[in-house]
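Peer 1: Can you keep this structure in mind? I'll have questions shortly.
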Amino acid sequence: MKIVVCISNVPDTTTRIKFLEGNASIDTSGIQWVINPWDELSLTRALELRDDPASGVKTVTVAHAGPASSEPTIRKALAIGADDAIRVNCEPADAFFTASQLAAAISKEGFDIIICGIESSDFNGSAVGGMISEFLGIPSVSSVSGLSIENGAPVFTREIDGGRESLKVPVPCVAIVQKGIAKEPRIASMRGIMAARTKPVRVYETVDTDCLTEIAGFEKPAPGAACKYIDPDDPARLIELLQNEARVI
Amino acid sequence: MSVLVFTENWDGKFKKLSYELVSYASAIAGMMNRKLTAFTIGRTGEEELKELGRYGADRILSLVNPALEVMDNRAWAKVIADLAEKEGSKVVVFSNNMTGKALAPRVSVRLKAGIASGVSRLPVSTEPFTVYKRAYSGNAFAGVVIKSEVKILSLAQNSYEIIEKPTGAIPETVEVEVDPSLAVTTITETHKQTGKILLTDAEIVVSGGRGMKSADNWAPLVELASLLNGATACSRPVSDEGWRPHEEHTGQTGKIIAPNLYIAVGISGATQHLAGVSSSKYIVAINNDKNAPIFEAAQYGIVGDAMKVLPKLVDAVKTLKK
């Protein structure tokens, strides 16, 4: 069984986002780029499955749509333990374009389980995973917080309102994962970093697709009112303010 | 040519977010001078369906087929895309909840429709179709121009007011065709808690962080939440330590919530935590470190030890209720 994990390259989640003049694009100076947190957890779970001989998972590939400048992020994924990588050489302009590029490369190589994070921490679109599954015409399971392999077939835990359910869909399929899929992201070892240098990255050129959306610009959220402090010995005052001023209780 | 809105039902019932969605979609239909069609999938009672007409739905459809009893993303997306094509809809609205995230991207590919997800305001213009959405985990809003003929929007929960606009529409039940080869999801087990207020639906949330010090100290926090008719939540370190279940984790990689009131107890307010709660209407911070960043996000703050402040707050709420 072969797994591919789609990874996105995002600003480190502690970055204070700034925009260039005119708010048309973000100021990338000084930004540390990292693997999108959900993709990192997906990769960790995929590697746990591969490292368990009983699962039947033989290889874990990472797939990324982006320019050559995002190779360090791909190498990081290889250092963490992925066997090889696919990169579609493009600027990932919108979700539809990105998903179609990834779907084309993935279908050329053929995988049993395609794993995507539920969203990327930069654009928060929650769209690429679902779109890939529709481009490929295969089943998808979303809100996945658990993935195991039983008798050679994937078993998913899907979060639902107020609970969770276990379910099966046939392979090939797309799993769109969220928190819970792995406990903590796996960290690259020194040996992993050395090994990553020589692991294969297959580069694909783009297929012809339209972009359906574009960004007109960004806005910073309006700054909130200054905090009103309440005497710690008089919490009743807080309740009074919440009731009569904010009117939320 | 109607605007289409998908209103999910939960065991045949709608909830507040359903009416927010219909109100939002109705406003868009108004901007575009179109009728609004609301639809749900799966059996729903006539009276419940009629409720959608109170918020502006001109037509109400209940799509049924035994093969749709289990949510299979591929089969459901096909049914929705078929309806949009039949109706000639130019705008399809979903909730940006778990179900919306599962279906909207698939429908987008089927209809070749650009998507703006997590929108919280009406479009600023319909030609070009420009709408602002949450980006960079709450640190910005991105203006998205959807260039395709058909547009898909998914609305962030608790971000749009419910507006009454009764139409008196009579619900219709529609038997839809489902290609059985598409519906391949088999559920083998379901665990569901009932009677508990869901974190994503709660209007008041009381949340604890590392400042709660141990798993044994949560009783007053849980009591405060229940007195306020709210839900409990926690920060990431707390769920990582196993003090609270991971479904309570709010923050960038956990649940993104937007309650009317978020009470953060012993939470310092790291960027990643604020990403999940910054859309709350009011934030109260209780923390013994006066320099904690949570106070920058909060409208009300108490600098003090959570263990001492919480019991006093519980008493104050009890007095209020008397």
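Each chain in the structure tokens gets a letter, A, B and so on, in the order shown; residues start at 1 in every chain, and ligands are counted from 1 in the order they appear.
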Find the residues in chain A near chain B: any atom within 6 Å counts, using only C-alpha atoms. Write them as a compact mmCIF listing (two decimals) with all heavy atoms, in the first residue's frame.
Peer 2:
```txt
# COMPACT_ATOMS: atom_id res chain seq x y z
N THR A 14 3.88 31.32 14.59
CA THR A 14 4.04 32.40 15.56
C THR A 14 4.32 33.74 14.87
O THR A 14 4.46 34.76 15.53
CB THR A 14 5.21 32.10 16.53
OG1 THR A 14 6.38 31.92 15.74
CG2 THR A 14 4.96 30.86 17.35
N SER A 121 -2.66 26.98 7.38
CA SER A 121 -2.78 28.05 8.37
C SER A 121 -2.63 29.43 7.74
O SER A 121 -2.81 30.43 8.41
CB SER A 121 -1.74 27.85 9.47
OG SER A 121 -0.45 27.86 8.90
N ASP A 122 -2.33 29.50 6.43
CA ASP A 122 -2.25 30.83 5.81
C ASP A 122 -3.58 31.24 5.16
O ASP A 122 -4.14 32.26 5.51
CB ASP A 122 -1.09 30.91 4.80
CG ASP A 122 -1.11 29.81 3.76
OD1 ASP A 122 -2.02 28.94 3.79
OD2 ASP A 122 -0.21 29.79 2.90
N PHE A 123 -4.10 30.42 4.25
CA PHE A 123 -5.31 30.87 3.57
C PHE A 123 -6.59 30.29 4.19
O PHE A 123 -7.69 30.75 3.91
CB PHE A 123 -5.24 30.56 2.08
CG PHE A 123 -6.18 31.41 1.28
CD1 PHE A 123 -6.04 32.79 1.27
CD2 PHE A 123 -7.24 30.85 0.60
CE1 PHE A 123 -6.93 33.60 0.58
CE2 PHE A 123 -8.14 31.65 -0.11
CZ PHE A 123 -7.97 33.02 -0.11
N ASN A 124 -6.45 29.29 5.07
CA ASN A 124 -7.60 28.71 5.77
C ASN A 124 -8.75 28.36 4.83
O ASN A 124 -9.92 28.60 5.15
CB ASN A 124 -8.13 29.66 6.87
CG ASN A 124 -7.04 30.16 7.79
OD1 ASN A 124 -6.77 31.36 7.84
ND2 ASN A 124 -6.39 29.28 8.49
N GLY A 125 -8.43 27.78 3.68
CA GLY A 125 -9.47 27.53 2.68
C GLY A 125 -10.22 26.22 2.88
O GLY A 125 -11.37 26.10 2.48
N ALA A 127 -10.10 23.56 1.30
CA ALA A 127 -10.69 23.17 0.02
C ALA A 127 -9.85 22.17 -0.77
O ALA A 127 -10.41 21.34 -1.49
CB ALA A 127 -10.93 24.42 -0.82
N GLY A 130 -10.58 18.14 -0.49
CA GLY A 130 -11.86 17.76 -1.09
C GLY A 130 -11.83 17.90 -2.60
O GLY A 130 -12.37 17.06 -3.34
N MET A 131 -11.18 18.96 -3.08
CA MET A 131 -11.10 19.17 -4.53
C MET A 131 -10.29 18.07 -5.21
O MET A 131 -10.67 17.58 -6.27
CB MET A 131 -10.48 20.53 -4.83
CG MET A 131 -11.42 21.70 -4.56
SD MET A 131 -10.57 23.25 -4.91
CE MET A 131 -11.92 24.41 -4.78
N GLU A 134 -12.39 15.07 -5.76
CA GLU A 134 -13.37 15.21 -6.84
C GLU A 134 -12.68 15.20 -8.20
O GLU A 134 -13.20 14.61 -9.17
CB GLU A 134 -14.20 16.48 -6.65
CG GLU A 134 -15.46 16.54 -7.51
CD GLU A 134 -16.48 15.43 -7.22
OE1 GLU A 134 -16.79 15.21 -6.04
OE2 GLU A 134 -16.93 14.78 -8.18
N PRO A 139 -13.60 8.42 -3.47
CA PRO A 139 -14.24 8.79 -2.20
C PRO A 139 -13.31 9.66 -1.34
O PRO A 139 -12.09 9.58 -1.48
CB PRO A 139 -14.48 7.45 -1.49
CG PRO A 139 -14.23 6.38 -2.49
CD PRO A 139 -13.42 6.97 -3.60
N SER A 142 -13.77 13.28 5.46
CA SER A 142 -13.24 14.50 6.06
C SER A 142 -13.39 14.46 7.57
O SER A 142 -14.00 13.55 8.11
CB SER A 142 -13.93 15.72 5.46
OG SER A 142 -15.29 15.47 5.37
N GLY A 162 -20.76 16.38 18.31
CA GLY A 162 -21.05 15.70 19.56
C GLY A 162 -20.54 14.27 19.63
O GLY A 162 -20.97 13.52 20.49
N GLY A 163 -19.64 13.88 18.75
CA GLY A 163 -19.12 12.52 18.85
C GLY A 163 -18.22 12.15 17.70
O GLY A 163 -17.61 13.01 17.07
N ARG A 164 -18.13 10.86 17.46
CA ARG A 164 -17.29 10.39 16.35
C ARG A 164 -17.84 9.08 15.84
O ARG A 164 -18.59 8.40 16.53
CB ARG A 164 -15.84 10.24 16.82
CG ARG A 164 -15.64 9.34 18.04
CD ARG A 164 -14.17 9.23 18.37
NE ARG A 164 -13.60 10.53 18.72
CZ ARG A 164 -13.50 10.99 19.97
NH1 ARG A 164 -13.88 10.23 20.97
NH2 ARG A 164 -13.01 12.17 20.22
N GLU A 165 -17.47 8.73 14.61
CA GLU A 165 -17.88 7.44 14.08
C GLU A 165 -16.71 6.77 13.37
O GLU A 165 -15.80 7.43 12.89
CB GLU A 165 -19.10 7.60 13.15
CG GLU A 165 -18.95 8.62 12.06
CD GLU A 165 -20.28 9.02 11.41
OE1 GLU A 165 -21.35 8.72 11.95
OE2 GLU A 165 -20.22 9.62 10.32
N SER A 166 -16.75 5.45 13.33
CA SER A 166 -15.75 4.68 12.58
C SER A 166 -16.38 4.34 11.24
O SER A 166 -17.56 4.00 11.18
CB SER A 166 -15.41 3.38 13.30
OG SER A 166 -14.94 3.66 14.57
N LEU A 167 -15.58 4.45 10.20
CA LEU A 167 -16.15 4.13 8.89
C LEU A 167 -15.10 3.63 7.93
O LEU A 167 -13.89 3.74 8.16
CB LEU A 167 -16.88 5.35 8.32
CG LEU A 167 -16.08 6.63 8.11
CD1 LEU A 167 -15.48 6.67 6.73
CD2 LEU A 167 -17.00 7.83 8.28
N LYS A 168 -15.60 3.05 6.84
CA LYS A 168 -14.71 2.52 5.80
C LYS A 168 -15.14 3.06 4.46
O LYS A 168 -16.34 3.25 4.21
CB LYS A 168 -14.82 1.00 5.76
CG LYS A 168 -14.22 0.31 6.94
CD LYS A 168 -14.41 -1.18 6.83
CE LYS A 168 -13.80 -1.86 8.06
NZ LYS A 168 -14.14 -3.27 8.11
N VAL A 169 -14.18 3.32 3.62
CA VAL A 169 -14.44 3.55 2.19
C VAL A 169 -13.36 2.76 1.44
O VAL A 169 -12.28 2.54 1.98
CB VAL A 169 -14.38 5.05 1.77
CG1 VAL A 169 -15.44 5.87 2.46
CG2 VAL A 169 -13.00 5.64 2.02
N LYS A 179 -6.99 17.61 13.92
CA LYS A 179 -6.40 17.34 15.23
C LYS A 179 -6.79 15.94 15.72
O LYS A 179 -7.92 15.52 15.54
CB LYS A 179 -6.94 18.42 16.16
CG LYS A 179 -6.78 18.14 17.61
CD LYS A 179 -5.66 18.94 18.20
CE LYS A 179 -5.56 18.61 19.67
NZ LYS A 179 -4.35 19.01 20.29
N LEU A 212 -9.89 30.13 -10.48
CA LEU A 212 -11.27 30.62 -10.41
C LEU A 212 -11.40 31.80 -9.46
O LEU A 212 -12.44 32.46 -9.43
CB LEU A 212 -12.19 29.49 -9.96
CG LEU A 212 -12.16 28.21 -10.81
CD1 LEU A 212 -13.18 27.21 -10.29
CD2 LEU A 212 -12.44 28.53 -12.28
N THR A 213 -10.36 32.03 -8.67
CA THR A 213 -10.44 33.15 -7.73
C THR A 213 -9.12 33.91 -7.75
O THR A 213 -8.09 33.37 -8.16
CB THR A 213 -10.66 32.66 -6.27
OG1 THR A 213 -9.58 31.82 -5.90
CG2 THR A 213 -11.97 31.92 -6.11
N GLU A 214 -9.16 35.15 -7.30
CA GLU A 214 -7.91 35.88 -7.05
C GLU A 214 -8.09 36.77 -5.83
O GLU A 214 -9.21 37.05 -5.40
CB GLU A 214 -7.48 36.69 -8.28
CG GLU A 214 -8.47 37.72 -8.71
CD GLU A 214 -8.13 38.32 -10.08
OE1 GLU A 214 -7.53 37.63 -10.92
OE2 GLU A 214 -8.48 39.49 -10.29
N ILE A 215 -6.96 37.18 -5.26
CA ILE A 215 -7.01 38.00 -4.05
C ILE A 215 -7.00 39.47 -4.44
O ILE A 215 -6.10 39.93 -5.15
CB ILE A 215 -5.80 37.70 -3.14
CG1 ILE A 215 -5.77 36.23 -2.74
CG2 ILE A 215 -5.81 38.59 -1.90
CD1 ILE A 215 -6.86 35.82 -1.80
N ALA A 216 -8.01 40.20 -3.98
CA ALA A 216 -8.07 41.63 -4.28
C ALA A 216 -7.20 42.42 -3.31
O ALA A 216 -6.75 43.53 -3.61
CB ALA A 216 -9.51 42.11 -4.20
N GLY A 217 -6.96 41.86 -2.13
CA GLY A 217 -6.15 42.56 -1.13
C GLY A 217 -6.48 42.03 0.25
O GLY A 217 -7.36 41.16 0.39
N PHE A 218 -5.75 42.53 1.24
CA PHE A 218 -5.96 42.08 2.61
C PHE A 218 -6.40 43.24 3.49
O PHE A 218 -6.16 44.40 3.17
CB PHE A 218 -4.67 41.47 3.16
CG PHE A 218 -4.28 40.19 2.49
CD1 PHE A 218 -3.41 40.19 1.40
CD2 PHE A 218 -4.80 38.99 2.93
CE1 PHE A 218 -3.05 39.00 0.78
CE2 PHE A 218 -4.45 37.79 2.31
CZ PHE A 218 -3.57 37.79 1.24
N GLU A 219 -7.01 42.87 4.60
CA GLU A 219 -7.38 43.86 5.62
C GLU A 219 -6.94 43.30 6.95
O GLU A 219 -7.09 42.10 7.19
CB GLU A 219 -8.91 43.96 5.68
CG GLU A 219 -9.52 45.13 4.99
CD GLU A 219 -11.03 45.11 5.15
OE1 GLU A 219 -11.55 44.58 6.15
OE2 GLU A 219 -11.68 45.65 4.25
N LYS A 220 -6.43 44.17 7.81
CA LYS A 220 -6.14 43.73 9.16
C LYS A 220 -7.43 43.86 9.97
O LYS A 220 -8.20 44.80 9.76
CB LYS A 220 -5.06 44.60 9.80
CG LYS A 220 -3.68 44.46 9.17
CD LYS A 220 -3.04 43.12 9.46
CE LYS A 220 -2.30 43.12 10.79
NZ LYS A 220 -1.61 41.82 11.01
N PRO A 221 -7.67 42.93 10.90
CA PRO A 221 -8.87 43.08 11.73
C PRO A 221 -8.79 44.38 12.53
O PRO A 221 -7.69 44.79 12.93
CB PRO A 221 -8.85 41.86 12.64
CG PRO A 221 -7.65 41.07 12.29
CD PRO A 221 -6.86 41.77 11.25
N CYS A 227 -8.51 46.64 27.24
CA CYS A 227 -9.04 45.76 28.28
C CYS A 227 -9.43 46.57 29.53
O CYS A 227 -8.71 47.47 29.95
CB CYS A 227 -7.98 44.73 28.64
SG CYS A 227 -8.52 43.50 29.82
N LYS A 228 -10.60 46.25 30.05
CA LYS A 228 -11.06 46.89 31.28
C LYS A 228 -10.72 45.94 32.43
O LYS A 228 -11.13 44.78 32.40
CB LYS A 228 -12.59 47.03 31.18
CG LYS A 228 -13.16 48.28 31.80
CD LYS A 228 -14.66 48.34 31.56
CE LYS A 228 -15.04 49.57 30.77
NZ LYS A 228 -16.51 49.75 30.70
N TYR A 229 -9.96 46.44 33.41
CA TYR A 229 -9.53 45.54 34.49
C TYR A 229 -10.48 45.60 35.67
O TYR A 229 -10.99 46.65 36.03
CB TYR A 229 -8.10 45.87 34.92
CG TYR A 229 -7.10 45.46 33.86
CD1 TYR A 229 -6.70 46.35 32.88
CD2 TYR A 229 -6.59 44.16 33.83
CE1 TYR A 229 -5.80 45.97 31.89
CE2 TYR A 229 -5.70 43.77 32.85
CZ TYR A 229 -5.30 44.67 31.88
OH TYR A 229 -4.43 44.29 30.91
N ILE A 230 -10.70 44.45 36.25
CA ILE A 230 -11.62 44.32 37.38
C ILE A 230 -10.83 43.80 38.58
O ILE A 230 -9.96 42.92 38.44
CB ILE A 230 -12.77 43.36 37.02
CG1 ILE A 230 -13.65 44.02 35.95
CG2 ILE A 230 -13.64 43.02 38.23
CD1 ILE A 230 -13.75 43.26 34.71
N PRO A 232 -9.57 41.69 41.42
CA PRO A 232 -9.71 40.24 41.61
C PRO A 232 -10.54 39.87 42.84
O PRO A 232 -11.04 38.76 42.93
CB PRO A 232 -8.26 39.74 41.74
CG PRO A 232 -7.42 40.95 41.96
CD PRO A 232 -8.16 42.12 41.39
N PRO A 235 -15.15 39.86 41.80
CA PRO A 235 -15.59 39.30 40.52
C PRO A 235 -17.06 39.58 40.21
O PRO A 235 -17.48 39.50 39.05
CB PRO A 235 -15.35 37.80 40.67
CG PRO A 235 -14.51 37.63 41.86
CD PRO A 235 -14.76 38.81 42.75
N ALA A 236 -17.84 39.91 41.23
CA ALA A 236 -19.25 40.23 40.99
C ALA A 236 -19.37 41.40 40.02
O ALA A 236 -20.31 41.49 39.23
CB ALA A 236 -19.95 40.55 42.31
```
Peer 1: If you run DSSP over the backbone, which residues in stretch 76-320 of chain B end up alpha helix (DSSP H)? Put them as number ranges by chain.
Peer 2: B: 76-87, 98-111, 219-227, 236-241, 271-277, 294-297, 306-320
Peer 1: So that I can check the secondary structure, give me every residue of stretch 102-264 of chain B assigned strand (DSSP E or B) by backbone DSSP, as a PyMOL selection string.
Peer 2: chain B and resi 114-119+125-126+129-135+140-146+151-155+172-175+186-192+204-208+231-234+249-250+255+261-264
Peer 1: Point out the residue among B:Val265, B:Leu21, B:Asp179, B:Leu83 with the least atom-to-atom distance to B:Ser120, counting only C-alpha atoms.
Peer 2: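 So, comparing all the options, the nearest one is B:Leu21.
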Peer 1: Work out how far atom CA of A:Ile35 is from atom CA of A:Cys6, in Å to one decimal.
Peer 2: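 We find that atom CA of A:Cys6 and atom CA of A:Ile35 lie 10.2 Å from each other.
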Peer 1: What's around A:Thr206 at 12 Å? Count only C-alpha atoms, leave out sequence neighbours fewer than 3 positions away in its own chain, and write the answer as a PyMOL selection string.
Peer 2: chain A and resi 65-67+87-92+97-105+203+209-210
Peer 1: Please, could you write that set of residues out with all heavy atoms as a short mmCIF file (atom, residue, chain, number, x, y, z; two decimals), in the first residue's frame?
Peer 2:
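Dumped everything to out.cif:
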```
data_model
loop_
_atom_site.label_atom_id
_atom_site.label_comp_id
_atom_site.auth_asym_id
_atom_site.auth_seq_id
_atom_site.Cartn_x
_atom_site.Cartn_y
_atom_site.Cartn_z
N ALA A 65 2.74 21.45 -4.24
CA ALA A 65 2.65 22.30 -5.43
C ALA A 65 3.29 23.62 -5.07
O ALA A 65 2.79 24.35 -4.20
CB ALA A 65 1.19 22.50 -5.82
N GLY A 66 4.41 23.94 -5.70
CA GLY A 66 5.09 25.19 -5.36
C GLY A 66 6.36 25.34 -6.15
O GLY A 66 6.82 24.41 -6.81
N PRO A 67 6.96 26.53 -6.08
CA PRO A 67 8.20 26.79 -6.82
C PRO A 67 9.41 26.12 -6.16
O PRO A 67 9.30 25.61 -5.03
CB PRO A 67 8.32 28.31 -6.76
CG PRO A 67 7.59 28.70 -5.52
CD PRO A 67 6.49 27.70 -5.32
N ARG A 87 7.06 17.26 -6.56
CA ARG A 87 6.79 18.69 -6.53
C ARG A 87 6.25 19.11 -7.89
O ARG A 87 6.85 18.79 -8.93
CB ARG A 87 8.06 19.49 -6.22
CG ARG A 87 7.83 21.01 -6.22
CD ARG A 87 9.03 21.80 -5.73
NE ARG A 87 10.15 21.78 -6.64
CZ ARG A 87 10.26 22.58 -7.72
NH1 ARG A 87 9.31 23.46 -8.02
NH2 ARG A 87 11.33 22.49 -8.51
N VAL A 88 5.10 19.78 -7.88
CA VAL A 88 4.60 20.35 -9.12
C VAL A 88 5.12 21.78 -9.18
O VAL A 88 4.88 22.58 -8.26
CB VAL A 88 3.05 20.34 -9.20
CG1 VAL A 88 2.60 20.85 -10.57
CG2 VAL A 88 2.51 18.94 -8.95
N ASN A 89 5.85 22.09 -10.22
CA ASN A 89 6.55 23.35 -10.32
C ASN A 89 5.58 24.48 -10.70
O ASN A 89 5.24 24.65 -11.86
CB ASN A 89 7.65 23.20 -11.38
CG ASN A 89 8.57 24.40 -11.41
OD1 ASN A 89 8.77 25.06 -10.39
ND2 ASN A 89 9.12 24.69 -12.57
N CYS A 90 5.10 25.23 -9.72
CA CYS A 90 4.12 26.29 -10.01
C CYS A 90 4.01 27.25 -8.84
O CYS A 90 4.53 26.98 -7.75
CB CYS A 90 2.75 25.66 -10.26
SG CYS A 90 2.09 24.78 -8.83
N GLU A 91 3.34 28.36 -9.06
CA GLU A 91 2.90 29.23 -7.97
C GLU A 91 1.49 28.77 -7.63
O GLU A 91 0.61 28.83 -8.48
CB GLU A 91 2.87 30.69 -8.43
CG GLU A 91 4.22 31.39 -8.44
CD GLU A 91 4.87 31.48 -7.06
OE1 GLU A 91 4.14 31.49 -6.04
OE2 GLU A 91 6.12 31.52 -7.01
N PRO A 92 1.26 28.29 -6.42
CA PRO A 92 -0.09 27.79 -6.10
C PRO A 92 -1.09 28.95 -5.98
O PRO A 92 -1.27 29.52 -4.92
CB PRO A 92 0.11 27.07 -4.77
CG PRO A 92 1.36 27.61 -4.19
CD PRO A 92 2.20 28.15 -5.32
N PHE A 97 -6.77 25.60 -8.67
CA PHE A 97 -5.55 25.39 -9.46
C PHE A 97 -4.61 24.41 -8.76
O PHE A 97 -4.13 23.43 -9.36
CB PHE A 97 -4.86 26.75 -9.67
CG PHE A 97 -3.53 26.66 -10.38
CD1 PHE A 97 -3.47 26.65 -11.77
CD2 PHE A 97 -2.34 26.57 -9.66
CE1 PHE A 97 -2.24 26.56 -12.42
CE2 PHE A 97 -1.11 26.48 -10.31
CZ PHE A 97 -1.06 26.47 -11.69
N THR A 98 -4.36 24.65 -7.46
CA THR A 98 -3.43 23.81 -6.70
C THR A 98 -3.92 22.36 -6.67
O THR A 98 -3.15 21.42 -6.89
CB THR A 98 -3.32 24.36 -5.25
OG1 THR A 98 -2.94 25.73 -5.33
CG2 THR A 98 -2.29 23.60 -4.45
N ALA A 99 -5.23 22.19 -6.38
CA ALA A 99 -5.77 20.83 -6.29
C ALA A 99 -5.67 20.12 -7.63
O ALA A 99 -5.36 18.93 -7.69
CB ALA A 99 -7.23 20.88 -5.81
N SER A 100 -5.90 20.83 -8.72
CA SER A 100 -5.86 20.16 -10.02
C SER A 100 -4.42 19.74 -10.36
O SER A 100 -4.20 18.67 -10.91
CB SER A 100 -6.46 21.04 -11.12
OG SER A 100 -5.53 21.98 -11.57
N GLN A 101 -3.45 20.56 -9.96
CA GLN A 101 -2.04 20.20 -10.20
C GLN A 101 -1.65 18.97 -9.39
O GLN A 101 -1.02 18.04 -9.90
CB GLN A 101 -1.11 21.37 -9.83
CG GLN A 101 -1.36 22.66 -10.59
CD GLN A 101 -1.36 22.47 -12.11
OE1 GLN A 101 -0.73 21.56 -12.64
NE2 GLN A 101 -2.11 23.29 -12.82
N LEU A 102 -2.03 18.99 -8.10
CA LEU A 102 -1.68 17.85 -7.24
C LEU A 102 -2.39 16.58 -7.72
O LEU A 102 -1.79 15.50 -7.77
CB LEU A 102 -2.04 18.16 -5.78
CG LEU A 102 -1.13 19.18 -5.08
CD1 LEU A 102 -1.73 19.63 -3.76
CD2 LEU A 102 0.27 18.58 -4.85
N ALA A 103 -3.67 16.73 -8.11
CA ALA A 103 -4.43 15.56 -8.56
C ALA A 103 -3.78 14.95 -9.80
O ALA A 103 -3.67 13.72 -9.92
CB ALA A 103 -5.88 15.96 -8.85
N ALA A 104 -3.32 15.80 -10.72
CA ALA A 104 -2.71 15.29 -11.95
C ALA A 104 -1.44 14.50 -11.64
O ALA A 104 -1.23 13.39 -12.16
CB ALA A 104 -2.42 16.44 -12.90
N ALA A 105 -0.59 15.05 -10.78
CA ALA A 105 0.66 14.37 -10.45
C ALA A 105 0.39 13.08 -9.68
O ALA A 105 1.01 12.04 -9.93
CB ALA A 105 1.56 15.29 -9.62
N VAL A 203 9.98 16.16 -10.12
CA VAL A 203 9.36 17.46 -10.43
C VAL A 203 8.46 17.31 -11.66
O VAL A 203 8.87 16.75 -12.67
CB VAL A 203 10.43 18.54 -10.67
CG1 VAL A 203 9.78 19.87 -11.05
CG2 VAL A 203 11.30 18.71 -9.43
N THR A 209 -4.87 24.53 -16.29
CA THR A 209 -6.06 24.74 -15.45
C THR A 209 -6.27 26.23 -15.26
O THR A 209 -5.30 26.99 -15.19
CB THR A 209 -5.89 24.18 -14.02
OG1 THR A 209 -5.25 22.93 -14.08
CG2 THR A 209 -7.22 24.04 -13.31
N ASP A 210 -7.54 26.61 -15.10
CA ASP A 210 -7.83 28.02 -14.79
C ASP A 210 -7.75 28.25 -13.29
O ASP A 210 -7.93 27.34 -12.50
CB ASP A 210 -9.27 28.36 -15.22
CG ASP A 210 -9.42 28.30 -16.72
OD1 ASP A 210 -8.42 28.55 -17.41
OD2 ASP A 210 -10.53 27.98 -17.19
#
```
